[in-house]
Amino acid sequence: MQLAALKNAIEELLPQAQQSLEDRFGTVDRFVQCYAYHNASHGRDVGEAAASLAERLVEAGRVRPETVPLARYAGWMHDQVQGKGHERLSALLAVANLRDRGVPSRHVEAVRSMILATRVQGVDTETYRILQSADPDDLGQALLADADLSSLGMHKGPLLTLLLHLEQQGLGGKVLLPSPSDGAGVEPDRDATVQYLTFQVNLYDRHRYLLETSRSLFPHQESNRDWTARMLERYQTDRITYSMMLRAARMRAAES
């Protein structure tokens, strides 16, 4: 399959990937089933971040041009399914879609490998690291793993951090999130929130992307750390509620 044909096949698949995520999980402004973070907005973010990373690696002569559309599709598809084993199930869905379009096996395998690389093996609360399955020496795996965590270095990162906490609390049955919702007016458990935001401040401070390219493409970790630390201090001293933090984060994100 020529590059142009591959691009066309991917472009034809992307609307389906987007619509599927929106129907089941919504977006950050109107999320469904508690999925305040893992929704179509996250799919778009990861897909476009992965494509941007791939483009820079192509320019540097480190990957082939077909990596760009493949990475974009892998990003959109990596969380198509949620729940236990969702990376494997999402990869299977992506593989089936690509095969239906006649995409060569080597490209199908590349997408499958990228998606599986986003699996979180654990969270190290001592070193403040999110441990992923990606092989750092495999550029396809590394770029998608970095794209999956690109929110840490995006200007809108604090908004996504707050939404992820709501998602975790909602899925855990700790808070009631109306569906659809934008999270306004929801106040999660105070102690859990302080613990979560403290971890996030340290994660912003210590996380290091696998690729140097990612560090330049997602450069806002320091400012995100500082903003989140200020909000945490105000929250702990009862000068702000979670809803107020979320509203402030949405306003900050709109400035980018």
# chains A, B, ... in the order shown; residues from 1 in each chain; ligands from 1
>>> residues_around(residues="Gly172 (chain A)", least_positions_apart="6", cutoff="12 Å", atoms="only C-alpha atoms", output="list in words")
Gln33, Cys34, Tyr35, His165, Leu166, Pro188 and Asp189 of chain A
>>> write_last_selection(atoms="N, CA and C atoms", output="mmCIF file, in the first residue's frame")
data_model
loop_
_atom_site.group_PDB
_atom_site.id
_atom_site.type_symbol
_atom_site.label_atom_id
_atom_site.label_comp_id
_atom_site.auth_asym_id
_atom_site.auth_seq_id
_atom_site.Cartn_x
_atom_site.Cartn_y
_atom_site.Cartn_z
ATOM 1 N N GLN A 33 -21.178 8.845 31.539
ATOM 2 C CA GLN A 33 -20.782 7.678 32.343
ATOM 3 C C GLN A 33 -19.533 7.943 33.188
ATOM 4 N N CYS A 34 -19.410 9.120 33.714
ATOM 5 C CA CYS A 34 -18.298 9.493 34.598
ATOM 6 C C CYS A 34 -16.972 9.715 33.865
ATOM 7 N N TYR A 35 -16.940 9.560 32.542
ATOM 8 C CA TYR A 35 -15.669 9.634 31.829
ATOM 9 C C TYR A 35 -15.310 11.092 31.527
ATOM 10 N N HIS A 165 -9.474 13.298 38.220
ATOM 11 C CA HIS A 165 -9.844 13.000 39.610
ATOM 12 C C HIS A 165 -11.351 12.768 39.722
ATOM 13 N N LEU A 166 -12.132 13.611 39.059
ATOM 14 C CA LEU A 166 -13.581 13.409 39.074
ATOM 15 C C LEU A 166 -13.944 12.056 38.469
ATOM 16 N N PRO A 188 -15.688 16.371 45.360
ATOM 17 C CA PRO A 188 -15.194 15.056 45.802
ATOM 18 C C PRO A 188 -14.660 15.109 47.230
ATOM 19 N N ASP A 189 -14.394 13.947 47.792
ATOM 20 C CA ASP A 189 -13.883 13.839 49.161
ATOM 21 C C ASP A 189 -12.635 14.713 49.343
#
>>> closest_atom_pairs(of="region 87-154 of chain A", to="region 199-217 of chain A", cutoff="7 Å", atoms="only C-alpha atoms", output="CSV")
residue,atom,partner,partner_atom,distance
A:Tyr128,CA,A:Leu203,CA,5.2
A:Arg129,CA,A:His207,CA,6.1
A:Pro136,CA,A:Leu210,CA,6.1
A:Ala142,CA,A:Leu210,CA,6.1
A:Asp146,CA,A:Tyr209,CA,5.9
A:Leu152,CA,A:Tyr204,CA,6.4
>>> residues_around(residues="Arg24 (chain A)", least_positions_apart="3", cutoff="12 Å", atoms="only C-alpha atoms", output="ChimeraX atom specification")
/A:17-21,27,30-36,38-40,79-82,179-180
>>> select_by_dssp(residues="region 65-248 of chain A", states="strand (DSSP E)", output="PyMOL selection string")
chain A and resi 120-124+129-132
>>> select_by_dssp(residues="region 20-157 of chain A", states="alpha helix (DSSP H)", output="JSON, numbers by chain")
{"A": [20, 21, 22, 23, 24, 25, 40, 41, 42, 43, 44, 45, 46, 47, 48, 49, 50, 51, 52, 53, 54, 55, 56, 57, 58, 59, 67, 68, 69, 70, 71, 72, 73, 74, 75, 76, 77, 86, 87, 88, 89, 90, 91, 92, 93, 94, 95, 96, 97, 98, 99, 100, 105, 106, 107, 108, 109, 110, 111, 112, 113, 114, 115, 116, 139, 140, 141, 142, 143, 144, 145, 146, 147, 148, 157]}
>>> residues_around(residues="region 104-117 of chain A", least_positions_apart="2", cutoff="9 Å", atoms="only C-alpha atoms", output="PDB file with all heavy atoms, in the first residue's frame")
ATOM      1  N   MET A   1       0.840  -1.196   0.000  1.00  0.00           N
ATOM      2  CA  MET A   1       0.000   0.000   0.000  1.00  0.00           C
ATOM      3  C   MET A   1       0.876   1.247   0.000  1.00  0.00           C
ATOM      4  O   MET A   1       1.763   1.393   0.845  1.00  0.00           O
ATOM      5  CB  MET A   1      -0.931   0.009   1.219  1.00  0.00           C
ATOM      6  CG  MET A   1      -1.832   1.231   1.327  1.00  0.00           C
ATOM      7  SD  MET A   1      -2.969   1.154   2.748  1.00  0.00           S
ATOM      8  CE  MET A   1      -4.270   0.110   2.094  1.00  0.00           C
ATOM      9  N   GLU A  66       5.082   6.828   7.008  1.00  0.00           N
ATOM     10  CA  GLU A  66       3.798   6.189   7.320  1.00  0.00           C
ATOM     11  C   GLU A  66       3.507   6.156   8.823  1.00  0.00           C
ATOM     12  O   GLU A  66       2.369   5.925   9.250  1.00  0.00           O
ATOM     13  CB  GLU A  66       3.743   4.757   6.775  1.00  0.00           C
ATOM     14  CG  GLU A  66       4.811   3.839   7.303  1.00  0.00           C
ATOM     15  CD  GLU A  66       6.011   3.730   6.366  1.00  0.00           C
ATOM     16  OE1 GLU A  66       6.254   4.664   5.568  1.00  0.00           O
ATOM     17  OE2 GLU A  66       6.701   2.694   6.438  1.00  0.00           O
ATOM     18  N   THR A  67       4.540   6.422   9.627  1.00  0.00           N
ATOM     19  CA  THR A  67       4.338   6.441  11.077  1.00  0.00           C
ATOM     20  C   THR A  67       3.357   7.535  11.495  1.00  0.00           C
ATOM     21  O   THR A  67       2.641   7.380  12.482  1.00  0.00           O
ATOM     22  CB  THR A  67       5.683   6.638  11.803  1.00  0.00           C
ATOM     23  OG1 THR A  67       6.595   5.622  11.393  1.00  0.00           O
ATOM     24  CG2 THR A  67       5.515   6.558  13.316  1.00  0.00           C
ATOM     25  N   LEU A  70      -0.323   6.353  11.057  1.00  0.00           N
ATOM     26  CA  LEU A  70      -0.501   5.210  11.947  1.00  0.00           C
ATOM     27  C   LEU A  70      -0.545   5.653  13.407  1.00  0.00           C
ATOM     28  O   LEU A  70      -1.368   5.169  14.198  1.00  0.00           O
ATOM     29  CB  LEU A  70       0.620   4.192  11.740  1.00  0.00           C
ATOM     30  CG  LEU A  70       0.672   3.512  10.375  1.00  0.00           C
ATOM     31  CD1 LEU A  70       1.923   2.657  10.248  1.00  0.00           C
ATOM     32  CD2 LEU A  70      -0.587   2.671  10.122  1.00  0.00           C
ATOM     33  N   ALA A  71       0.327   6.589  13.773  1.00  0.00           N
ATOM     34  CA  ALA A  71       0.352   7.091  15.149  1.00  0.00           C
ATOM     35  C   ALA A  71      -0.922   7.862  15.470  1.00  0.00           C
ATOM     36  O   ALA A  71      -1.473   7.752  16.573  1.00  0.00           O
ATOM     37  CB  ALA A  71       1.582   7.976  15.358  1.00  0.00           C
ATOM     38  N   TYR A  73      -3.892   7.377  14.204  1.00  0.00           N
ATOM     39  CA  TYR A  73      -4.981   6.423  14.387  1.00  0.00           C
ATOM     40  C   TYR A  73      -4.833   5.666  15.708  1.00  0.00           C
ATOM     41  O   TYR A  73      -5.822   5.461  16.435  1.00  0.00           O
ATOM     42  CB  TYR A  73      -5.036   5.446  13.217  1.00  0.00           C
ATOM     43  CG  TYR A  73      -6.262   4.571  13.253  1.00  0.00           C
ATOM     44  CD1 TYR A  73      -7.538   5.130  13.190  1.00  0.00           C
ATOM     45  CD2 TYR A  73      -6.148   3.188  13.357  1.00  0.00           C
ATOM     46  CE1 TYR A  73      -8.672   4.330  13.231  1.00  0.00           C
ATOM     47  CE2 TYR A  73      -7.282   2.382  13.392  1.00  0.00           C
ATOM     48  CZ  TYR A  73      -8.539   2.966  13.329  1.00  0.00           C
ATOM     49  OH  TYR A  73      -9.660   2.169  13.375  1.00  0.00           O
ATOM     50  N   ALA A  74      -3.615   5.276  16.034  1.00  0.00           N
ATOM     51  CA  ALA A  74      -3.390   4.575  17.301  1.00  0.00           C
ATOM     52  C   ALA A  74      -3.805   5.449  18.481  1.00  0.00           C
ATOM     53  O   ALA A  74      -4.392   4.962  19.454  1.00  0.00           O
ATOM     54  CB  ALA A  74      -1.922   4.174  17.424  1.00  0.00           C
ATOM     55  N   GLY A  75      -3.507   6.747  18.399  1.00  0.00           N
ATOM     56  CA  GLY A  75      -3.892   7.654  19.467  1.00  0.00           C
ATOM     57  C   GLY A  75      -5.397   7.750  19.631  1.00  0.00           C
ATOM     58  O   GLY A  75      -5.922   7.715  20.752  1.00  0.00           O
ATOM     59  N   MET A  77      -7.517   5.513  18.813  1.00  0.00           N
ATOM     60  CA  MET A  77      -8.109   4.207  19.133  1.00  0.00           C
ATOM     61  C   MET A  77      -7.676   3.634  20.478  1.00  0.00           C
ATOM     62  O   MET A  77      -8.282   2.672  20.950  1.00  0.00           O
ATOM     63  CB  MET A  77      -7.751   3.205  18.033  1.00  0.00           C
ATOM     64  CG  MET A  77      -8.409   3.477  16.691  1.00  0.00           C
ATOM     65  SD  MET A  77     -10.217   3.382  16.731  1.00  0.00           S
ATOM     66  CE  MET A  77     -10.458   1.638  17.100  1.00  0.00           C
ATOM     67  N   HIS A  78      -6.674   4.206  21.112  1.00  0.00           N
ATOM     68  CA  HIS A  78      -6.060   3.511  22.250  1.00  0.00           C
ATOM     69  C   HIS A  78      -6.984   3.343  23.449  1.00  0.00           C
ATOM     70  O   HIS A  78      -6.776   2.447  24.281  1.00  0.00           O
ATOM     71  CB  HIS A  78      -4.762   4.213  22.660  1.00  0.00           C
ATOM     72  CG  HIS A  78      -4.957   5.401  23.551  1.00  0.00           C
ATOM     73  ND1 HIS A  78      -5.493   6.590  23.097  1.00  0.00           N
ATOM     74  CD2 HIS A  78      -4.698   5.577  24.865  1.00  0.00           C
ATOM     75  CE1 HIS A  78      -5.535   7.460  24.094  1.00  0.00           C
ATOM     76  NE2 HIS A  78      -5.079   6.868  25.173  1.00  0.00           N
ATOM     77  N   ASP A  79      -8.006   4.182  23.582  1.00  0.00           N
ATOM     78  CA  ASP A  79      -8.960   4.059  24.687  1.00  0.00           C
ATOM     79  C   ASP A  79     -10.390   3.926  24.177  1.00  0.00           C
ATOM     80  O   ASP A  79     -11.334   4.404  24.810  1.00  0.00           O
ATOM     81  CB  ASP A  79      -8.856   5.271  25.620  1.00  0.00           C
ATOM     82  CG  ASP A  79      -7.691   5.177  26.598  1.00  0.00           C
ATOM     83  OD1 ASP A  79      -7.239   4.056  26.876  1.00  0.00           O
ATOM     84  OD2 ASP A  79      -7.231   6.228  27.071  1.00  0.00           O
ATOM     85  N   GLU A  87      -6.708  -1.742  26.935  1.00  0.00           N
ATOM     86  CA  GLU A  87      -5.716  -1.537  25.871  1.00  0.00           C
ATOM     87  C   GLU A  87      -5.746  -2.692  24.871  1.00  0.00           C
ATOM     88  O   GLU A  87      -5.720  -2.477  23.656  1.00  0.00           O
ATOM     89  CB  GLU A  87      -4.310  -1.391  26.467  1.00  0.00           C
ATOM     90  CG  GLU A  87      -4.118  -0.190  27.368  1.00  0.00           C
ATOM     91  CD  GLU A  87      -4.406  -0.494  28.826  1.00  0.00           C
ATOM     92  OE1 GLU A  87      -4.840  -1.641  29.125  1.00  0.00           O
ATOM     93  OE2 GLU A  87      -4.207   0.391  29.677  1.00  0.00           O
ATOM     94  N   ARG A  88      -5.809  -3.913  25.383  1.00  0.00           N
ATOM     95  CA  ARG A  88      -5.842  -5.085  24.500  1.00  0.00           C
ATOM     96  C   ARG A  88      -7.107  -5.077  23.646  1.00  0.00           C
ATOM     97  O   ARG A  88      -7.055  -5.338  22.440  1.00  0.00           O
ATOM     98  CB  ARG A  88      -5.769  -6.367  25.337  1.00  0.00           C
ATOM     99  CG  ARG A  88      -5.775  -7.647  24.501  1.00  0.00           C
ATOM    100  CD  ARG A  88      -5.739  -8.879  25.385  1.00  0.00           C
ATOM    101  NE  ARG A  88      -6.918  -8.981  26.225  1.00  0.00           N
ATOM    102  CZ  ARG A  88      -8.087  -9.487  25.826  1.00  0.00           C
ATOM    103  NH1 ARG A  88      -8.226  -9.935  24.583  1.00  0.00           N
ATOM    104  NH2 ARG A  88      -9.109  -9.548  26.652  1.00  0.00           N
ATOM    105  N   SER A  90      -8.989  -2.470  22.895  1.00  0.00           N
ATOM    106  CA  SER A  90      -8.927  -1.348  21.952  1.00  0.00           C
ATOM    107  C   SER A  90      -8.023  -1.687  20.777  1.00  0.00           C
ATOM    108  O   SER A  90      -8.326  -1.349  19.624  1.00  0.00           O
ATOM    109  CB  SER A  90      -8.414  -0.083  22.661  1.00  0.00           C
ATOM    110  OG  SER A  90      -9.319   0.342  23.658  1.00  0.00           O
ATOM    111  N   ALA A  91      -6.917  -2.364  21.071  1.00  0.00           N
ATOM    112  CA  ALA A  91      -5.996  -2.774  20.001  1.00  0.00           C
ATOM    113  C   ALA A  91      -6.666  -3.753  19.054  1.00  0.00           C
ATOM    114  O   ALA A  91      -6.502  -3.670  17.827  1.00  0.00           O
ATOM    115  CB  ALA A  91      -4.734  -3.379  20.608  1.00  0.00           C
ATOM    116  N   LEU A  92      -7.416  -4.689  19.592  1.00  0.00           N
ATOM    117  CA  LEU A  92      -8.122  -5.656  18.746  1.00  0.00           C
ATOM    118  C   LEU A  92      -9.111  -4.962  17.819  1.00  0.00           C
ATOM    119  O   LEU A  92      -9.241  -5.330  16.643  1.00  0.00           O
ATOM    120  CB  LEU A  92      -8.859  -6.678  19.619  1.00  0.00           C
ATOM    121  CG  LEU A  92      -7.990  -7.714  20.342  1.00  0.00           C
ATOM    122  CD1 LEU A  92      -8.844  -8.552  21.291  1.00  0.00           C
ATOM    123  CD2 LEU A  92      -7.278  -8.620  19.342  1.00  0.00           C
ATOM    124  N   ALA A  94      -8.910  -1.823  16.743  1.00  0.00           N
ATOM    125  CA  ALA A  94      -8.136  -1.097  15.739  1.00  0.00           C
ATOM    126  C   ALA A  94      -7.616  -2.043  14.658  1.00  0.00           C
ATOM    127  O   ALA A  94      -7.665  -1.732  13.463  1.00  0.00           O
ATOM    128  CB  ALA A  94      -6.969  -0.367  16.408  1.00  0.00           C
ATOM    129  N   VAL A  95      -7.130  -3.197  15.075  1.00  0.00           N
ATOM    130  CA  VAL A  95      -6.614  -4.195  14.134  1.00  0.00           C
ATOM    131  C   VAL A  95      -7.711  -4.623  13.157  1.00  0.00           C
ATOM    132  O   VAL A  95      -7.493  -4.694  11.936  1.00  0.00           O
ATOM    133  CB  VAL A  95      -6.052  -5.411  14.899  1.00  0.00           C
ATOM    134  CG1 VAL A  95      -5.860  -6.602  13.962  1.00  0.00           C
ATOM    135  CG2 VAL A  95      -4.729  -5.047  15.571  1.00  0.00           C
ATOM    136  N   ALA A  96      -8.899  -4.903  13.678  1.00  0.00           N
ATOM    137  CA  ALA A  96     -10.001  -5.338  12.828  1.00  0.00           C
ATOM    138  C   ALA A  96     -10.366  -4.261  11.811  1.00  0.00           C
ATOM    139  O   ALA A  96     -10.590  -4.545  10.629  1.00  0.00           O
ATOM    140  CB  ALA A  96     -11.210  -5.692  13.686  1.00  0.00           C
ATOM    141  N   LEU A  98      -8.463  -1.834  10.614  1.00  0.00           N
ATOM    142  CA  LEU A  98      -7.398  -1.668   9.625  1.00  0.00           C
ATOM    143  C   LEU A  98      -7.381  -2.816   8.621  1.00  0.00           C
ATOM    144  O   LEU A  98      -7.186  -2.603   7.424  1.00  0.00           O
ATOM    145  CB  LEU A  98      -6.046  -1.555  10.330  1.00  0.00           C
ATOM    146  CG  LEU A  98      -5.837  -0.276  11.156  1.00  0.00           C
ATOM    147  CD1 LEU A  98      -4.595  -0.398  12.018  1.00  0.00           C
ATOM    148  CD2 LEU A  98      -5.733   0.951  10.254  1.00  0.00           C
ATOM    149  N   ARG A  99      -7.600  -4.008   9.101  1.00  0.00           N
ATOM    150  CA  ARG A  99      -7.638  -5.160   8.193  1.00  0.00           C
ATOM    151  C   ARG A  99      -8.799  -5.054   7.219  1.00  0.00           C
ATOM    152  O   ARG A  99      -8.674  -5.423   6.050  1.00  0.00           O
ATOM    153  CB  ARG A  99      -7.723  -6.447   9.006  1.00  0.00           C
ATOM    154  CG  ARG A  99      -6.399  -6.840   9.652  1.00  0.00           C
ATOM    155  CD  ARG A  99      -6.545  -8.081  10.509  1.00  0.00           C
ATOM    156  NE  ARG A  99      -5.253  -8.508  11.044  1.00  0.00           N
ATOM    157  CZ  ARG A  99      -5.107  -9.399  12.025  1.00  0.00           C
ATOM    158  NH1 ARG A  99      -6.192  -9.944  12.576  1.00  0.00           N
ATOM    159  NH2 ARG A  99      -3.900  -9.738  12.448  1.00  0.00           N
ATOM    160  N   GLY A 102      -7.852  -3.187   4.296  1.00  0.00           N
ATOM    161  CA  GLY A 102      -6.769  -3.728   3.489  1.00  0.00           C
ATOM    162  C   GLY A 102      -5.398  -3.176   3.834  1.00  0.00           C
ATOM    163  O   GLY A 102      -4.476  -3.233   3.004  1.00  0.00           O
ATOM    164  N   ARG A 119      -0.340   0.827  28.101  1.00  0.00           N
ATOM    165  CA  ARG A 119      -0.825   0.168  29.322  1.00  0.00           C
ATOM    166  C   ARG A 119      -0.027   0.638  30.528  1.00  0.00           C
ATOM    167  O   ARG A 119       1.201   0.630  30.525  1.00  0.00           O
ATOM    168  CB  ARG A 119      -0.720  -1.357  29.196  1.00  0.00           C
ATOM    169  CG  ARG A 119      -1.296  -2.104  30.408  1.00  0.00           C
ATOM    170  CD  ARG A 119      -1.363  -3.597  30.157  1.00  0.00           C
ATOM    171  NE  ARG A 119      -0.039  -4.192  30.057  1.00  0.00           N
ATOM    172  CZ  ARG A 119       0.661  -4.630  31.108  1.00  0.00           C
ATOM    173  NH1 ARG A 119       0.158  -4.532  32.329  1.00  0.00           N
ATOM    174  NH2 ARG A 119       1.846  -5.177  30.933  1.00  0.00           N
ATOM    175  N   VAL A 120      -0.739   1.070  31.540  1.00  0.00           N
ATOM    176  CA  VAL A 120      -0.093   1.513  32.779  1.00  0.00           C
ATOM    177  C   VAL A 120       0.135   0.299  33.666  1.00  0.00           C
ATOM    178  O   VAL A 120      -0.816  -0.387  34.072  1.00  0.00           O
ATOM    179  CB  VAL A 120      -0.959   2.563  33.509  1.00  0.00           C
ATOM    180  CG1 VAL A 120      -0.337   2.905  34.870  1.00  0.00           C
ATOM    181  CG2 VAL A 120      -1.098   3.822  32.665  1.00  0.00           C
ATOM    182  N   GLN A 132       4.652   2.768  32.375  1.00  0.00           N
ATOM    183  CA  GLN A 132       3.964   2.275  31.189  1.00  0.00           C
ATOM    184  C   GLN A 132       4.681   1.053  30.612  1.00  0.00           C
ATOM    185  O   GLN A 132       5.825   0.763  30.950  1.00  0.00           O
ATOM    186  CB  GLN A 132       3.909   3.387  30.130  1.00  0.00           C
ATOM    187  CG  GLN A 132       3.107   4.610  30.555  1.00  0.00           C
ATOM    188  CD  GLN A 132       3.376   5.796  29.657  1.00  0.00           C
ATOM    189  OE1 GLN A 132       4.464   6.360  29.661  1.00  0.00           O
ATOM    190  NE2 GLN A 132       2.379   6.178  28.880  1.00  0.00           N
ATOM    191  N   SER A 133       3.981   0.376  29.710  1.00  0.00           N
ATOM    192  CA  SER A 133       4.521  -0.847  29.112  1.00  0.00           C
ATOM    193  C   SER A 133       5.486  -0.576  27.958  1.00  0.00           C
ATOM    194  O   SER A 133       6.112  -1.504  27.456  1.00  0.00           O
ATOM    195  CB  SER A 133       3.369  -1.731  28.599  1.00  0.00           C
ATOM    196  OG  SER A 133       2.540  -2.139  29.653  1.00  0.00           O
ATOM    197  N   ALA A 134       5.579   0.643  27.510  1.00  0.00           N
ATOM    198  CA  ALA A 134       6.357   0.976  26.316  1.00  0.00           C
ATOM    199  C   ALA A 134       7.831   0.606  26.445  1.00  0.00           C
ATOM    200  O   ALA A 134       8.446   0.819  27.492  1.00  0.00           O
ATOM    201  CB  ALA A 134       6.235   2.467  26.016  1.00  0.00           C
ATOM    202  N   ASP A 135       8.367   0.074  25.367  1.00  0.00           N
ATOM    203  CA  ASP A 135       9.812  -0.126  25.238  1.00  0.00           C
ATOM    204  C   ASP A 135      10.407   1.207  24.771  1.00  0.00           C
ATOM    205  O   ASP A 135      10.122   1.649  23.656  1.00  0.00           O
ATOM    206  CB  ASP A 135      10.087  -1.217  24.208  1.00  0.00           C
ATOM    207  CG  ASP A 135      11.576  -1.448  23.961  1.00  0.00           C
ATOM    208  OD1 ASP A 135      12.400  -0.705  24.526  1.00  0.00           O
ATOM    209  OD2 ASP A 135      11.905  -2.350  23.171  1.00  0.00           O
ATOM    210  N   GLY A 140       7.965   3.873  17.945  1.00  0.00           N
ATOM    211  CA  GLY A 140       6.515   3.874  17.839  1.00  0.00           C
ATOM    212  C   GLY A 140       5.858   3.750  19.200  1.00  0.00           C
ATOM    213  O   GLY A 140       4.916   4.493  19.529  1.00  0.00           O
ATOM    214  N   GLN A 141       6.341   2.816  19.997  1.00  0.00           N
ATOM    215  CA  GLN A 141       5.794   2.640  21.337  1.00  0.00           C
ATOM    216  C   GLN A 141       6.066   3.869  22.197  1.00  0.00           C
ATOM    217  O   GLN A 141       5.176   4.352  22.921  1.00  0.00           O
ATOM    218  CB  GLN A 141       6.403   1.403  21.996  1.00  0.00           C
ATOM    219  CG  GLN A 141       5.987   0.090  21.368  1.00  0.00           C
ATOM    220  CD  GLN A 141       6.457  -1.108  22.169  1.00  0.00           C
ATOM    221  OE1 GLN A 141       6.772  -1.003  23.353  1.00  0.00           O
ATOM    222  NE2 GLN A 141       6.496  -2.271  21.526  1.00  0.00           N
ATOM    223  N   ALA A 142       7.279   4.380  22.129  1.00  0.00           N
ATOM    224  CA  ALA A 142       7.653   5.522  22.971  1.00  0.00           C
ATOM    225  C   ALA A 142       6.837   6.758  22.638  1.00  0.00           C
ATOM    226  O   ALA A 142       6.383   7.488  23.532  1.00  0.00           O
ATOM    227  CB  ALA A 142       9.146   5.813  22.829  1.00  0.00           C
ATOM    228  N   LEU A 143       6.618   7.013  21.354  1.00  0.00           N
ATOM    229  CA  LEU A 143       5.895   8.234  20.997  1.00  0.00           C
ATOM    230  C   LEU A 143       4.435   8.159  21.431  1.00  0.00           C
ATOM    231  O   LEU A 143       3.851   9.168  21.854  1.00  0.00           O
ATOM    232  CB  LEU A 143       6.035   8.544  19.509  1.00  0.00           C
ATOM    233  CG  LEU A 143       5.262   7.752  18.457  1.00  0.00           C
ATOM    234  CD1 LEU A 143       3.850   8.277  18.256  1.00  0.00           C
ATOM    235  CD2 LEU A 143       6.017   7.796  17.122  1.00  0.00           C
ATOM    236  N   LEU A 144       3.819   6.960  21.353  1.00  0.00           N
ATOM    237  CA  LEU A 144       2.420   6.888  21.768  1.00  0.00           C
ATOM    238  C   LEU A 144       2.299   6.923  23.289  1.00  0.00           C
ATOM    239  O   LEU A 144       1.357   7.517  23.830  1.00  0.00           O
ATOM    240  CB  LEU A 144       1.716   5.653  21.217  1.00  0.00           C
ATOM    241  CG  LEU A 144       0.201   5.897  21.170  1.00  0.00           C
ATOM    242  CD1 LEU A 144      -0.158   6.846  20.032  1.00  0.00           C
ATOM    243  CD2 LEU A 144      -0.597   4.633  21.057  1.00  0.00           C
ATOM    244  N   ALA A 145       3.249   6.319  23.987  1.00  0.00           N
ATOM    245  CA  ALA A 145       3.239   6.397  25.446  1.00  0.00           C
ATOM    246  C   ALA A 145       3.384   7.849  25.904  1.00  0.00           C
ATOM    247  O   ALA A 145       2.678   8.305  26.812  1.00  0.00           O
ATOM    248  CB  ALA A 145       4.366   5.543  26.021  1.00  0.00           C
TER     249      ALA A 145
END
>>> atom_distance(atom1="CA of Gln16 (chain A)", atom2="CA of Ala50 (chain A)")
18.5 Å
>>> atom_distance(atom1="CA of Trp76 (chain A)", atom2="CA of Ile10 (chain A)")
10.7 Å
>>> residues_around(residues="Leu139 (chain A)", least_positions_apart="6", cutoff="9 Å", atoms="only C-alpha atoms", output="ChimeraX atom specification")
/A:54,57,62-63,211
>>> atom_distance(atom1="CA of Gly43 (chain A)", atom2="CA of Gly185 (chain A)")
25.5 Å
>>> residues_around(residues="Thr198 (chain A)", least_positions_apart="4", cutoff="8 Å", atoms="only C-alpha atoms", output="ChimeraX atom specification")
/A:194,202,229,232
